[in-house]
$ cat coords25.cif   # mmCIF, C-alpha atoms
data_my_file
loop_
_atom_site.label_atom_id
_atom_site.label_comp_id
_atom_site.auth_asym_id
_atom_site.auth_seq_id
_atom_site.Cartn_x
_atom_site.Cartn_y
_atom_site.Cartn_z
CA MET A 24 74.61 49.75 29.97
CA ASN A 25 71.25 48.08 29.28
CA PHE A 26 70.50 44.36 29.09
CA PHE A 27 70.57 44.03 25.31
CA LYS A 28 73.91 45.81 25.02
CA LYS A 29 75.32 43.45 27.64
CA LEU A 30 73.90 40.48 25.76
CA SER A 31 75.50 41.71 22.54
CA TYR A 32 78.86 42.35 24.22
CA SER A 33 78.75 39.02 26.10
CA VAL A 34 78.45 37.13 22.82
CA GLY A 35 80.29 39.32 20.34
CA ASP A 36 82.79 41.65 22.00
CA VAL A 37 85.03 40.26 24.72
CA ARG A 38 86.80 43.64 24.88
CA ARG A 39 83.77 44.99 26.76
CA TYR A 40 83.94 42.36 29.50
CA PRO A 41 86.13 44.52 31.78
CA ASP A 42 83.49 47.28 31.71
CA MET A 43 80.66 44.85 32.51
CA VAL A 44 82.59 43.03 35.25
CA ALA A 45 83.53 46.36 36.84
CA GLN A 46 79.83 47.05 37.47
CA GLY A 47 79.82 44.37 40.16
CA ALA A 48 78.20 41.03 40.96
CA GLY A 49 74.80 42.62 41.65
CA LYS A 50 74.49 43.93 38.10
CA ALA A 51 75.73 40.60 36.74
CA PHE A 52 73.09 38.73 38.75
CA LEU A 53 70.42 41.13 37.44
CA TYR A 54 71.65 40.36 33.92
CA LEU A 55 71.29 36.65 34.66
CA LEU A 56 67.73 37.16 35.93
CA LEU A 57 66.73 39.12 32.81
CA PHE A 58 68.51 36.55 30.66
CA ALA A 59 66.48 33.80 32.35
CA LEU A 60 63.24 35.75 31.84
CA LEU A 61 63.97 35.88 28.12
CA PHE A 62 65.78 32.67 27.26
CA GLY A 63 64.51 30.64 30.22
CA THR A 64 60.96 31.37 29.08
CA LEU A 65 61.89 30.27 25.57
CA ASN A 66 63.39 27.10 27.06
CA SER A 67 60.17 26.51 29.04
CA ILE A 68 58.06 26.86 25.89
CA ILE A 69 60.27 24.33 24.09
CA VAL A 70 60.11 21.89 27.02
CA GLY A 71 56.33 22.24 27.35
CA TYR A 72 55.82 21.79 23.62
CA GLN A 73 58.06 18.74 23.48
CA PHE A 74 56.24 17.29 26.51
CA ASN A 75 52.94 17.59 24.65
CA GLN A 76 54.51 16.08 21.54
CA SER A 77 55.80 13.13 23.58
CA ILE A 78 52.36 12.50 25.07
CA GLY A 79 50.82 12.61 21.59
CA HIS A 80 53.49 10.27 20.20
CA PHE A 81 53.06 7.81 23.06
CA THR A 82 49.28 7.85 22.69
CA GLY A 83 49.61 7.12 18.95
CA THR A 84 52.08 4.29 19.64
CA LEU A 85 49.80 2.85 22.30
CA GLU A 86 46.79 2.86 20.00
CA SER A 87 48.53 1.48 16.92
CA LYS A 88 51.27 -0.86 18.14
CA ILE A 89 50.28 -2.20 21.55
CA PRO A 90 47.57 -4.91 21.69
CA GLU A 91 44.76 -5.06 24.21
CA PHE A 92 45.87 -5.46 27.81
CA THR A 93 44.52 -5.42 31.34
CA PHE A 94 46.18 -4.53 34.63
CA GLN A 95 44.54 -6.06 37.68
CA ASN A 96 45.60 -7.34 41.12
CA GLY A 97 49.21 -6.24 40.56
CA GLU A 98 49.59 -8.17 37.31
CA LEU A 99 49.71 -7.14 33.66
CA ASN A 100 48.20 -9.34 30.96
CA VAL A 101 48.83 -8.53 27.29
CA GLU A 102 47.19 -10.24 24.32
CA GLY A 103 49.11 -11.32 21.21
CA THR A 104 52.45 -12.82 20.25
CA MET A 105 55.32 -11.84 22.51
CA PRO A 106 57.86 -10.47 23.11
CA ILE A 107 56.65 -7.19 21.62
CA VAL A 108 59.60 -4.89 20.77
CA LEU A 109 58.98 -1.18 20.19
CA ASP A 110 61.45 1.50 19.01
CA ASP A 111 64.18 -1.11 18.61
CA SER A 112 67.60 0.49 18.13
CA LYS A 113 71.11 0.24 19.57
CA ASN A 114 70.36 3.16 21.85
CA GLY A 115 67.25 1.68 23.40
CA ALA A 116 64.04 -0.29 23.11
CA VAL A 117 60.73 -0.96 24.81
CA ILE A 118 60.09 -4.67 25.25
CA ILE A 119 56.84 -6.22 26.53
CA ASP A 120 56.45 -9.87 27.53
CA THR A 121 53.93 -11.11 30.11
CA THR A 122 54.42 -14.80 29.32
CA GLY A 123 57.30 -15.28 31.75
CA GLN A 124 59.71 -16.31 28.98
CA THR A 125 61.72 -13.07 28.93
CA THR A 126 64.19 -12.12 31.68
CA GLU A 127 66.00 -8.95 32.68
CA ASP A 128 69.08 -9.80 30.60
CA ARG A 129 66.97 -9.13 27.49
CA LEU A 130 68.04 -5.46 27.94
CA ASN A 131 71.78 -6.30 27.86
CA PRO A 132 72.30 -5.40 24.16
CA TYR A 133 70.86 -1.90 24.71
CA SER A 134 72.42 1.14 26.36
CA SER A 135 68.98 2.02 27.74
CA GLY A 136 65.51 0.58 27.55
CA LEU A 137 62.31 -0.50 29.23
CA LEU A 138 61.28 -4.10 29.87
CA ILE A 139 57.66 -4.67 30.90
CA LEU A 140 56.89 -8.07 32.38
CA LYS A 141 53.83 -9.61 34.02
CA ASP A 142 54.71 -8.53 37.55
CA ARG A 143 57.28 -5.75 37.16
CA MET A 144 58.79 -3.08 34.95
CA ILE A 145 62.56 -2.67 34.57
CA SER A 146 64.03 0.62 33.42
CA LYS A 147 67.65 0.69 32.24
CA GLN A 148 69.35 4.07 32.07
CA ALA A 149 72.34 5.05 29.97
CA GLY A 150 75.40 3.87 31.86
CA GLY A 151 73.83 0.59 32.93
CA GLN A 152 71.90 1.67 36.05
CA THR A 153 68.55 -0.13 36.38
CA GLN A 154 65.40 0.49 38.40
CA VAL A 155 62.73 -2.12 39.11
CA PHE A 156 59.09 -1.17 39.70
CA LEU A 157 57.00 -3.99 41.19
CA PHE A 158 53.37 -4.08 40.11
CA ARG A 159 52.35 -5.59 43.45
CA ASP A 160 52.81 -2.09 44.88
CA PHE A 161 49.71 -1.08 42.89
CA GLN A 162 47.24 -3.56 44.38
CA GLY A 163 43.68 -2.34 43.90
CA VAL A 164 44.52 -0.43 40.70
CA THR A 165 42.66 -1.75 37.64
CA PHE A 166 42.73 -0.43 34.07
CA ASP A 167 42.93 -1.58 30.46
CA LYS A 168 44.17 -0.18 27.16
CA GLN A 169 41.10 1.94 26.51
CA ASP A 170 41.27 3.48 29.98
CA LEU A 171 44.91 4.46 29.41
CA VAL A 172 44.25 5.81 25.89
CA GLY A 173 41.42 7.92 27.27
CA PHE A 174 43.51 9.23 30.17
CA LEU A 175 46.75 10.19 28.41
CA PRO A 176 45.40 13.34 26.65
CA TYR A 177 44.66 14.82 30.09
CA LEU A 178 48.39 14.75 30.84
CA LYS A 179 48.80 17.55 28.30
CA TRP A 180 47.28 19.87 30.90
CA LEU A 181 50.47 19.34 32.89
CA ALA A 182 52.48 21.16 30.22
CA PRO A 183 52.22 24.60 31.95
CA ILE A 184 53.41 23.06 35.24
CA VAL A 185 56.27 21.32 33.44
CA ALA A 186 57.16 24.65 31.79
CA VAL A 187 57.25 26.51 35.14
CA ILE A 188 59.42 23.80 36.70
CA ALA A 189 61.69 23.99 33.64
CA TRP A 190 62.08 27.77 34.10
CA ILE A 191 62.97 27.42 37.78
CA GLY A 192 65.43 24.66 36.92
CA PHE A 193 66.91 26.82 34.16
CA PHE A 194 67.52 29.79 36.47
CA ILE A 195 68.89 27.79 39.40
CA GLY A 196 71.00 25.68 37.04
CA LYS A 197 72.68 28.76 35.56
CA ILE A 198 73.44 30.15 39.03
CA PHE A 199 75.35 26.97 39.86
CA SER A 200 76.92 26.74 36.39
CA ALA A 201 78.34 30.23 36.90
CA LEU A 202 79.60 29.22 40.36
CA PHE A 203 81.31 26.16 38.87
CA LEU A 204 82.91 28.30 36.17
CA ALA A 205 84.02 30.90 38.69
CA ILE A 206 85.94 28.24 40.61
CA ILE A 207 87.74 27.18 37.42
CA ASN A 208 88.28 30.82 36.48
CA LEU A 209 89.97 31.32 39.84
CA VAL A 210 92.66 28.93 38.60
CA ILE A 211 92.79 30.65 35.20
CA SER A 212 93.17 34.00 36.93
CA LYS A 213 96.13 32.66 38.90
CA LEU A 214 97.70 31.20 35.75
CA GLN A 215 97.41 34.54 33.98
CA LYS A 216 98.62 36.33 37.12
CA ALA A 217 95.55 38.52 37.06
CA ASN A 218 94.59 37.64 40.67
CA LEU A 219 90.97 38.77 40.30
CA PRO A 220 88.69 38.55 43.36
CA PHE A 221 86.07 35.80 43.35
CA GLY A 222 83.15 38.24 43.00
CA ARG A 223 84.50 39.63 39.74
CA LEU A 224 85.19 36.12 38.46
CA TYR A 225 81.60 35.13 39.25
CA SER A 226 80.33 38.15 37.30
CA LEU A 227 82.60 37.28 34.39
CA SER A 228 81.36 33.67 34.48
CA ILE A 229 77.74 34.77 34.19
CA TYR A 230 78.48 36.78 31.03
CA SER A 231 80.60 33.98 29.54
CA LEU A 232 77.64 31.58 29.73
CA SER A 233 75.55 33.65 27.32
CA LEU A 234 76.63 32.02 24.05
CA PRO A 235 76.65 28.41 25.34
CA ILE A 236 73.11 28.82 26.68
CA ILE A 237 71.88 30.25 23.38
CA LEU A 238 73.57 27.43 21.43
CA ASP A 239 72.00 24.87 23.76
CA LEU A 240 68.54 26.34 23.11
CA ILE A 241 69.10 26.21 19.35
CA PHE A 242 70.08 22.55 19.67
CA LYS A 243 66.92 21.88 21.70
CA LEU A 244 64.75 23.30 18.94
CA PHE A 245 65.96 20.41 16.77
CA HIS A 246 65.61 17.82 19.56
CA PHE A 247 69.35 17.69 20.27
CA ARG A 248 71.40 18.80 23.24
CA LEU A 249 74.69 20.65 23.22
CA PRO A 250 77.25 18.31 24.85
CA GLY A 251 78.18 19.50 28.33
CA LEU A 252 81.90 19.45 27.53
CA ILE A 253 81.45 21.81 24.57
CA TYR A 254 79.10 23.98 26.64
CA TYR A 255 81.77 24.62 29.26
CA ILE A 256 84.68 24.80 26.81
CA VAL A 257 82.97 27.67 24.98
CA ALA A 258 82.35 29.48 28.28
CA LEU A 259 85.94 28.94 29.40
CA VAL A 260 87.33 30.29 26.12
CA TYR A 261 85.34 33.48 26.71
CA SER A 262 86.54 33.54 30.33
CA TRP A 263 90.19 33.13 29.35
CA LEU A 264 89.98 35.95 26.80
CA ALA A 265 88.07 38.18 29.19
CA ILE A 266 90.55 37.69 32.04
CA ASN A 267 93.37 38.44 29.64
CA GLN A 268 91.56 41.59 28.54
CA ILE A 269 91.02 42.72 32.15
CA LYS A 270 94.70 42.13 32.92
CA LYS A 271 95.70 44.06 29.80
CA GLN A 272 93.54 47.04 30.68
CA ALA A 273 94.82 47.03 34.27
CA GLY A 274 98.39 47.11 32.93
CA GLU A 275 97.62 50.00 30.61
CA ALA A 276 96.15 51.94 33.55
CA PHE A 277 99.61 51.99 35.07
#
$ encode --input "coords25.cif" --output "C-alpha cells"
Amino acid sequence: MNFFKKLSYSVGDVRRYPDMVAQGAGKAFLYLLLFALLFGTLNSIIVGYQFNQSIGHFTGTLESKIPEFTFQNGELNVEGTMPIVLDDSKNGAVIIDTTGQTTEDRLNPYSSGLLILKDRMISKQAGGQTQVFLFRDFQGVTFDKQDLVGFLPYLKWLAPIVAVIAWIGFFIGKIFSALFLAIINLVISKLQKANLPFGRLYSLSIYSLSLPIILDLIFKLFHFRLPGLIYYIVALVYSWLAINQIKKQAGEAF
C-alpha cells in the first residue's frame, strides 16, 4: 500500500484503517515522515512567505506611521505628539510614549499588546502574561529610524532558516500529537473493549491526524488557525470509528 493510497484512506475511508494499522508502527512512522515531507514542506513555505509579508508590513508601517526617533545610551526618544497608538483594536495594540506620561496599565483594556516607553518595552501576551525588556541592557547600541528602515529588508534573508525550523517543528510536533492521541485512544480502546496494544494505537493515531493537519494548513493559507480543540476532536472521531472497525473485523474473524 503506497503513501498516496494511505493518505486517501486516512482521510476518506475509515474501513481501511485496520489494514493500515496491521502493517505496524514502523510503516505508520514512515507514512508520517512522507506526510511531513509533503505537507510539512507546504507548511514551511507558508510560514516563510508570511514571515516575509510581516517584515514588509512592519517596514511599511515604520516608514509611514512612526515619526523620527533615536535610540542612544539605553534610551528611546521619539518626535511628535504622544502617545502614538498603532493597530488599535480590542485584541491588541502597539503604543509608543517616551514622555513618561504613560504607564504599564495603559495595556489593561487589551488582551495583548506592546507598550514602548523611554527606557523599556512591555509585551503583553494573550492571557495576561507580560514581559519587560529594559533598554539599559543595550548600552552602546545606537540607531535611528533610517537605520532600522534600512536594516529590516535584510531580515527577509532569514525566511529559509525560519522555514527549515518550521519543518522540524512540524515533524516533531506531529510525533508528540500522535503520542498524545494514542494515550487518549488507549482509554477509547478500553471503553470499546477492543484492548488494542499501544503500538497499534500509536499507528492509528498517526493516520487519524491526516485530515486535521490538512485542514490546519488550509486555514493557515487564509491567515487563520484551526482551533486546537477542533483539531483533536476530528482526530478522535476518526480514532473512535477506526477502533470500532478493528474490533468489528476481529469479531468477524472468529
$ residues_around --input "coords25.cif" --residues "Thr121 (chain A)" --least-positions-apart "4" --cutoff "7 Å" --atoms "all atoms listed in the file" --output "count of residues only"
5
$ atom_distance --input "coords25.cif" --atom1 "CA of Thr104 (chain A)" --atom2 "CA of Ile119 (chain A)"
10.1 Å
$ closest_residue --input "coords25.cif" --among "A:Gly136, A:Gly97, A:Phe242, A:Gln215" --to "Phe158 (chain A)" --atoms "only C-alpha atoms"
A:Gly97
$ closest_residue --input "coords25.cif" --among "A:Tyr40, A:Phe221, A:Phe247, A:Phe194" --to "Gly63 (chain A)" --atoms "all atoms listed in the file"
A:Phe194
$ resolve_selection --input "coords25.cif" --expression "the PyMOL selection byres ((chain A and resi 148) around 10)" --output "list in words"
Gly115, Tyr133, Ser134, Ser135, Gly136, Leu137, Ile145, Ser146, Lys147, Ala149, Gly150, Gly151, Gln152, Thr153 and Gln154 of chain A
$ atom_distance --input "coords25.cif" --atom1 "CA of Ala59 (chain A)" --atom2 "CA of Lys29 (chain A)"
13.9 Å
$ atom_distance --input "coords25.cif" --atom1 "CA of Arg143 (chain A)" --atom2 "CA of Phe156 (chain A)"
5.5 Å
$ resolve_selection --input "coords25.cif" --expression "the PyMOL selection byres ((chain A and resi 237) around 12)" --output "PDB file with C-alpha atoms, in the coordinates of the input"
ATOM      1  CA  LEU A  30      73.900  40.480  25.760  1.00  0.00           C
ATOM      2  CA  SER A  33      78.750  39.020  26.100  1.00  0.00           C
ATOM      3  CA  VAL A  34      78.450  37.130  22.820  1.00  0.00           C
ATOM      4  CA  PHE A  58      68.510  36.550  30.660  1.00  0.00           C
ATOM      5  CA  ALA A  59      66.480  33.800  32.350  1.00  0.00           C
ATOM      6  CA  LEU A  61      63.970  35.880  28.120  1.00  0.00           C
ATOM      7  CA  PHE A  62      65.780  32.670  27.260  1.00  0.00           C
ATOM      8  CA  GLY A  63      64.510  30.640  30.220  1.00  0.00           C
ATOM      9  CA  LEU A  65      61.890  30.270  25.570  1.00  0.00           C
ATOM     10  CA  ASN A  66      63.390  27.100  27.060  1.00  0.00           C
ATOM     11  CA  SER A 231      80.600  33.980  29.540  1.00  0.00           C
ATOM     12  CA  LEU A 232      77.640  31.580  29.730  1.00  0.00           C
ATOM     13  CA  SER A 233      75.550  33.650  27.320  1.00  0.00           C
ATOM     14  CA  LEU A 234      76.630  32.020  24.050  1.00  0.00           C
ATOM     15  CA  PRO A 235      76.650  28.410  25.340  1.00  0.00           C
ATOM     16  CA  ILE A 236      73.110  28.820  26.680  1.00  0.00           C
ATOM     17  CA  LEU A 238      73.570  27.430  21.430  1.00  0.00           C
ATOM     18  CA  ASP A 239      72.000  24.870  23.760  1.00  0.00           C
ATOM     19  CA  LEU A 240      68.540  26.340  23.110  1.00  0.00           C
ATOM     20  CA  ILE A 241      69.100  26.210  19.350  1.00  0.00           C
ATOM     21  CA  PHE A 242      70.080  22.550  19.670  1.00  0.00           C
ATOM     22  CA  LYS A 243      66.920  21.880  21.700  1.00  0.00           C
ATOM     23  CA  LEU A 244      64.750  23.300  18.940  1.00  0.00           C
ATOM     24  CA  ARG A 248      71.400  18.800  23.240  1.00  0.00           C
ATOM     25  CA  LEU A 249      74.690  20.650  23.220  1.00  0.00           C
ATOM     26  CA  TYR A 254      79.100  23.980  26.640  1.00  0.00           C
ATOM     27  CA  VAL A 257      82.970  27.670  24.980  1.00  0.00           C
ATOM     28  CA  ALA A 258      82.350  29.480  28.280  1.00  0.00           C
TER      29      ALA A 258
END
$ resolve_selection --input "coords25.cif" --expression "the PyMOL selection byres ((chain A and resi 79-87) around 12)" --output "count of residues only"
29
$ closest_residue --input "coords25.cif" --among "A:His246, A:Arg129, A:Lys271, A:Lys28" --to "Lys216 (chain A)" --atoms "all atoms listed in the file"
A:Lys271
$ closest_residue --input "coords25.cif" --among "A:Val185, A:Leu130, A:Ile195, A:Leu138" --to "Ile107 (chain A)" --atoms "only C-alpha atoms"
A:Leu138
$ residues_around --input "coords25.cif" --residues "Phe26 (chain A)" --least-positions-apart "5" --cutoff "12 Å" --atoms "all atoms listed in the file" --output "JSON, numbers by chain"
{"A": [31, 32, 33, 43, 50, 51, 52, 53, 54, 55, 56, 57, 58, 59, 60, 61, 230, 233]}
$ closest_residue --input "coords25.cif" --among "A:Met144, A:Ile256, A:Ile68, A:Leu224" --to "Ile211 (chain A)" --atoms "only C-alpha atoms"
A:Leu224
$ closest_residue --input "coords25.cif" --among "A:Leu259, A:Ile253, A:Val155, A:Val164" --to "Ile206 (chain A)" --atoms "all atoms listed in the file"
A:Leu259
$ build_atoms --input "coords25.cif" --residues "region 239-250 of chain A" --atoms "all heavy atoms" --output "PDB file, in the coordinates of the input"
ATOM      1  N   ASP A 239      72.735  26.010  23.215  1.00  0.00           N
ATOM      2  CA  ASP A 239      72.000  24.870  23.760  1.00  0.00           C
ATOM      3  C   ASP A 239      70.515  24.957  23.410  1.00  0.00           C
ATOM      4  O   ASP A 239      69.889  23.949  23.065  1.00  0.00           O
ATOM      5  CB  ASP A 239      72.185  24.816  25.275  1.00  0.00           C
ATOM      6  CG  ASP A 239      71.629  23.535  25.886  1.00  0.00           C
ATOM      7  OD1 ASP A 239      71.823  22.463  25.296  1.00  0.00           O
ATOM      8  OD2 ASP A 239      70.994  23.613  26.948  1.00  0.00           O
ATOM      9  N   LEU A 240      69.949  26.160  23.464  1.00  0.00           N
ATOM     10  CA  LEU A 240      68.540  26.340  23.110  1.00  0.00           C
ATOM     11  C   LEU A 240      68.295  26.064  21.629  1.00  0.00           C
ATOM     12  O   LEU A 240      67.281  25.468  21.253  1.00  0.00           O
ATOM     13  CB  LEU A 240      68.081  27.760  23.461  1.00  0.00           C
ATOM     14  CG  LEU A 240      67.913  28.060  24.947  1.00  0.00           C
ATOM     15  CD1 LEU A 240      67.585  29.524  25.147  1.00  0.00           C
ATOM     16  CD2 LEU A 240      66.820  27.194  25.551  1.00  0.00           C
ATOM     17  N   ILE A 241      69.223  26.489  20.780  1.00  0.00           N
ATOM     18  CA  ILE A 241      69.100  26.210  19.350  1.00  0.00           C
ATOM     19  C   ILE A 241      69.134  24.706  19.100  1.00  0.00           C
ATOM     20  O   ILE A 241      68.338  24.171  18.314  1.00  0.00           O
ATOM     21  CB  ILE A 241      70.228  26.924  18.563  1.00  0.00           C
ATOM     22  CG1 ILE A 241      70.047  28.446  18.632  1.00  0.00           C
ATOM     23  CG2 ILE A 241      70.235  26.456  17.099  1.00  0.00           C
ATOM     24  CD1 ILE A 241      71.203  29.225  18.063  1.00  0.00           C
ATOM     25  N   PHE A 242      70.018  24.014  19.789  1.00  0.00           N
ATOM     26  CA  PHE A 242      70.080  22.550  19.670  1.00  0.00           C
ATOM     27  C   PHE A 242      68.766  21.923  20.099  1.00  0.00           C
ATOM     28  O   PHE A 242      68.270  20.977  19.469  1.00  0.00           O
ATOM     29  CB  PHE A 242      71.234  21.998  20.516  1.00  0.00           C
ATOM     30  CG  PHE A 242      72.553  21.941  19.792  1.00  0.00           C
ATOM     31  CD1 PHE A 242      73.162  23.100  19.321  1.00  0.00           C
ATOM     32  CD2 PHE A 242      73.196  20.737  19.582  1.00  0.00           C
ATOM     33  CE1 PHE A 242      74.379  23.060  18.658  1.00  0.00           C
ATOM     34  CE2 PHE A 242      74.407  20.676  18.916  1.00  0.00           C
ATOM     35  CZ  PHE A 242      74.999  21.835  18.448  1.00  0.00           C
ATOM     36  N   LYS A 243      68.173  22.435  21.188  1.00  0.00           N
ATOM     37  CA  LYS A 243      66.920  21.880  21.700  1.00  0.00           C
ATOM     38  C   LYS A 243      65.779  22.016  20.702  1.00  0.00           C
ATOM     39  O   LYS A 243      64.889  21.165  20.636  1.00  0.00           O
ATOM     40  CB  LYS A 243      66.526  22.574  23.004  1.00  0.00           C
ATOM     41  CG  LYS A 243      67.190  21.999  24.239  1.00  0.00           C
ATOM     42  CD  LYS A 243      66.618  22.635  25.493  1.00  0.00           C
ATOM     43  CE  LYS A 243      67.269  22.059  26.744  1.00  0.00           C
ATOM     44  NZ  LYS A 243      66.716  22.681  27.968  1.00  0.00           N
ATOM     45  N   LEU A 244      65.798  23.100  19.936  1.00  0.00           N
ATOM     46  CA  LEU A 244      64.750  23.300  18.940  1.00  0.00           C
ATOM     47  C   LEU A 244      64.700  22.156  17.938  1.00  0.00           C
ATOM     48  O   LEU A 244      63.655  21.846  17.367  1.00  0.00           O
ATOM     49  CB  LEU A 244      64.966  24.628  18.198  1.00  0.00           C
ATOM     50  CG  LEU A 244      64.626  25.908  18.961  1.00  0.00           C
ATOM     51  CD1 LEU A 244      65.095  27.124  18.177  1.00  0.00           C
ATOM     52  CD2 LEU A 244      63.125  25.991  19.218  1.00  0.00           C
ATOM     53  N   PHE A 245      65.853  21.518  17.725  1.00  0.00           N
ATOM     54  CA  PHE A 245      65.960  20.410  16.770  1.00  0.00           C
ATOM     55  C   PHE A 245      66.092  19.061  17.484  1.00  0.00           C
ATOM     56  O   PHE A 245      66.567  18.089  16.916  1.00  0.00           O
ATOM     57  CB  PHE A 245      67.152  20.649  15.838  1.00  0.00           C
ATOM     58  CG  PHE A 245      67.020  21.897  15.003  1.00  0.00           C
ATOM     59  CD1 PHE A 245      67.644  23.081  15.405  1.00  0.00           C
ATOM     60  CD2 PHE A 245      66.256  21.903  13.848  1.00  0.00           C
ATOM     61  CE1 PHE A 245      67.516  24.242  14.646  1.00  0.00           C
ATOM     62  CE2 PHE A 245      66.118  23.058  13.095  1.00  0.00           C
ATOM     63  CZ  PHE A 245      66.749  24.226  13.492  1.00  0.00           C
ATOM     64  N   HIS A 246      65.635  19.053  18.757  1.00  0.00           N
ATOM     65  CA  HIS A 246      65.610  17.820  19.560  1.00  0.00           C
ATOM     66  C   HIS A 246      67.005  17.232  19.791  1.00  0.00           C
ATOM     67  O   HIS A 246      67.175  16.022  19.874  1.00  0.00           O
ATOM     68  CB  HIS A 246      64.689  16.769  18.926  1.00  0.00           C
ATOM     69  CG  HIS A 246      63.268  17.205  18.829  1.00  0.00           C
ATOM     70  ND1 HIS A 246      62.359  16.999  19.842  1.00  0.00           N
ATOM     71  CD2 HIS A 246      62.584  17.851  17.838  1.00  0.00           C
ATOM     72  CE1 HIS A 246      61.180  17.492  19.482  1.00  0.00           C
ATOM     73  NE2 HIS A 246      61.298  18.011  18.281  1.00  0.00           N
ATOM     74  N   PHE A 247      68.006  18.104  19.897  1.00  0.00           N
ATOM     75  CA  PHE A 247      69.350  17.690  20.270  1.00  0.00           C
ATOM     76  C   PHE A 247      69.738  18.423  21.551  1.00  0.00           C
ATOM     77  O   PHE A 247      68.980  19.262  22.050  1.00  0.00           O
ATOM     78  CB  PHE A 247      70.363  18.027  19.159  1.00  0.00           C
ATOM     79  CG  PHE A 247      70.152  17.252  17.892  1.00  0.00           C
ATOM     80  CD1 PHE A 247      69.551  17.843  16.791  1.00  0.00           C
ATOM     81  CD2 PHE A 247      70.555  15.924  17.811  1.00  0.00           C
ATOM     82  CE1 PHE A 247      69.347  17.132  15.623  1.00  0.00           C
ATOM     83  CE2 PHE A 247      70.358  15.204  16.645  1.00  0.00           C
ATOM     84  CZ  PHE A 247      69.761  15.801  15.555  1.00  0.00           C
ATOM     85  N   ARG A 248      70.892  18.093  22.057  1.00  0.00           N
ATOM     86  CA  ARG A 248      71.400  18.800  23.240  1.00  0.00           C
ATOM     87  C   ARG A 248      72.878  19.068  23.045  1.00  0.00           C
ATOM     88  O   ARG A 248      73.630  18.173  22.637  1.00  0.00           O
ATOM     89  CB  ARG A 248      71.164  17.970  24.505  1.00  0.00           C
ATOM     90  CG  ARG A 248      71.502  18.756  25.765  1.00  0.00           C
ATOM     91  CD  ARG A 248      70.953  18.107  27.000  1.00  0.00           C
ATOM     92  NE  ARG A 248      71.185  18.923  28.184  1.00  0.00           N
ATOM     93  CZ  ARG A 248      70.406  19.917  28.567  1.00  0.00           C
ATOM     94  NH1 ARG A 248      69.325  20.207  27.880  1.00  0.00           N
ATOM     95  NH2 ARG A 248      70.672  20.609  29.661  1.00  0.00           N
ATOM     96  N   LEU A 249      73.282  20.295  23.323  1.00  0.00           N
ATOM     97  CA  LEU A 249      74.690  20.650  23.220  1.00  0.00           C
ATOM     98  C   LEU A 249      75.468  19.864  24.278  1.00  0.00           C
ATOM     99  O   LEU A 249      75.143  19.920  25.471  1.00  0.00           O
ATOM    100  CB  LEU A 249      74.865  22.152  23.469  1.00  0.00           C
ATOM    101  CG  LEU A 249      76.275  22.717  23.308  1.00  0.00           C
ATOM    102  CD1 LEU A 249      76.705  22.667  21.850  1.00  0.00           C
ATOM    103  CD2 LEU A 249      76.340  24.144  23.844  1.00  0.00           C
ATOM    104  N   PRO A 250      76.478  19.091  23.871  1.00  0.00           N
ATOM    105  CA  PRO A 250      77.250  18.310  24.850  1.00  0.00           C
ATOM    106  C   PRO A 250      77.811  19.208  25.948  1.00  0.00           C
ATOM    107  O   PRO A 250      78.289  20.315  25.692  1.00  0.00           O
ATOM    108  CB  PRO A 250      78.371  17.695  24.004  1.00  0.00           C
ATOM    109  CG  PRO A 250      77.811  17.644  22.617  1.00  0.00           C
ATOM    110  CD  PRO A 250      76.942  18.870  22.486  1.00  0.00           C
TER     111      PRO A 250
END
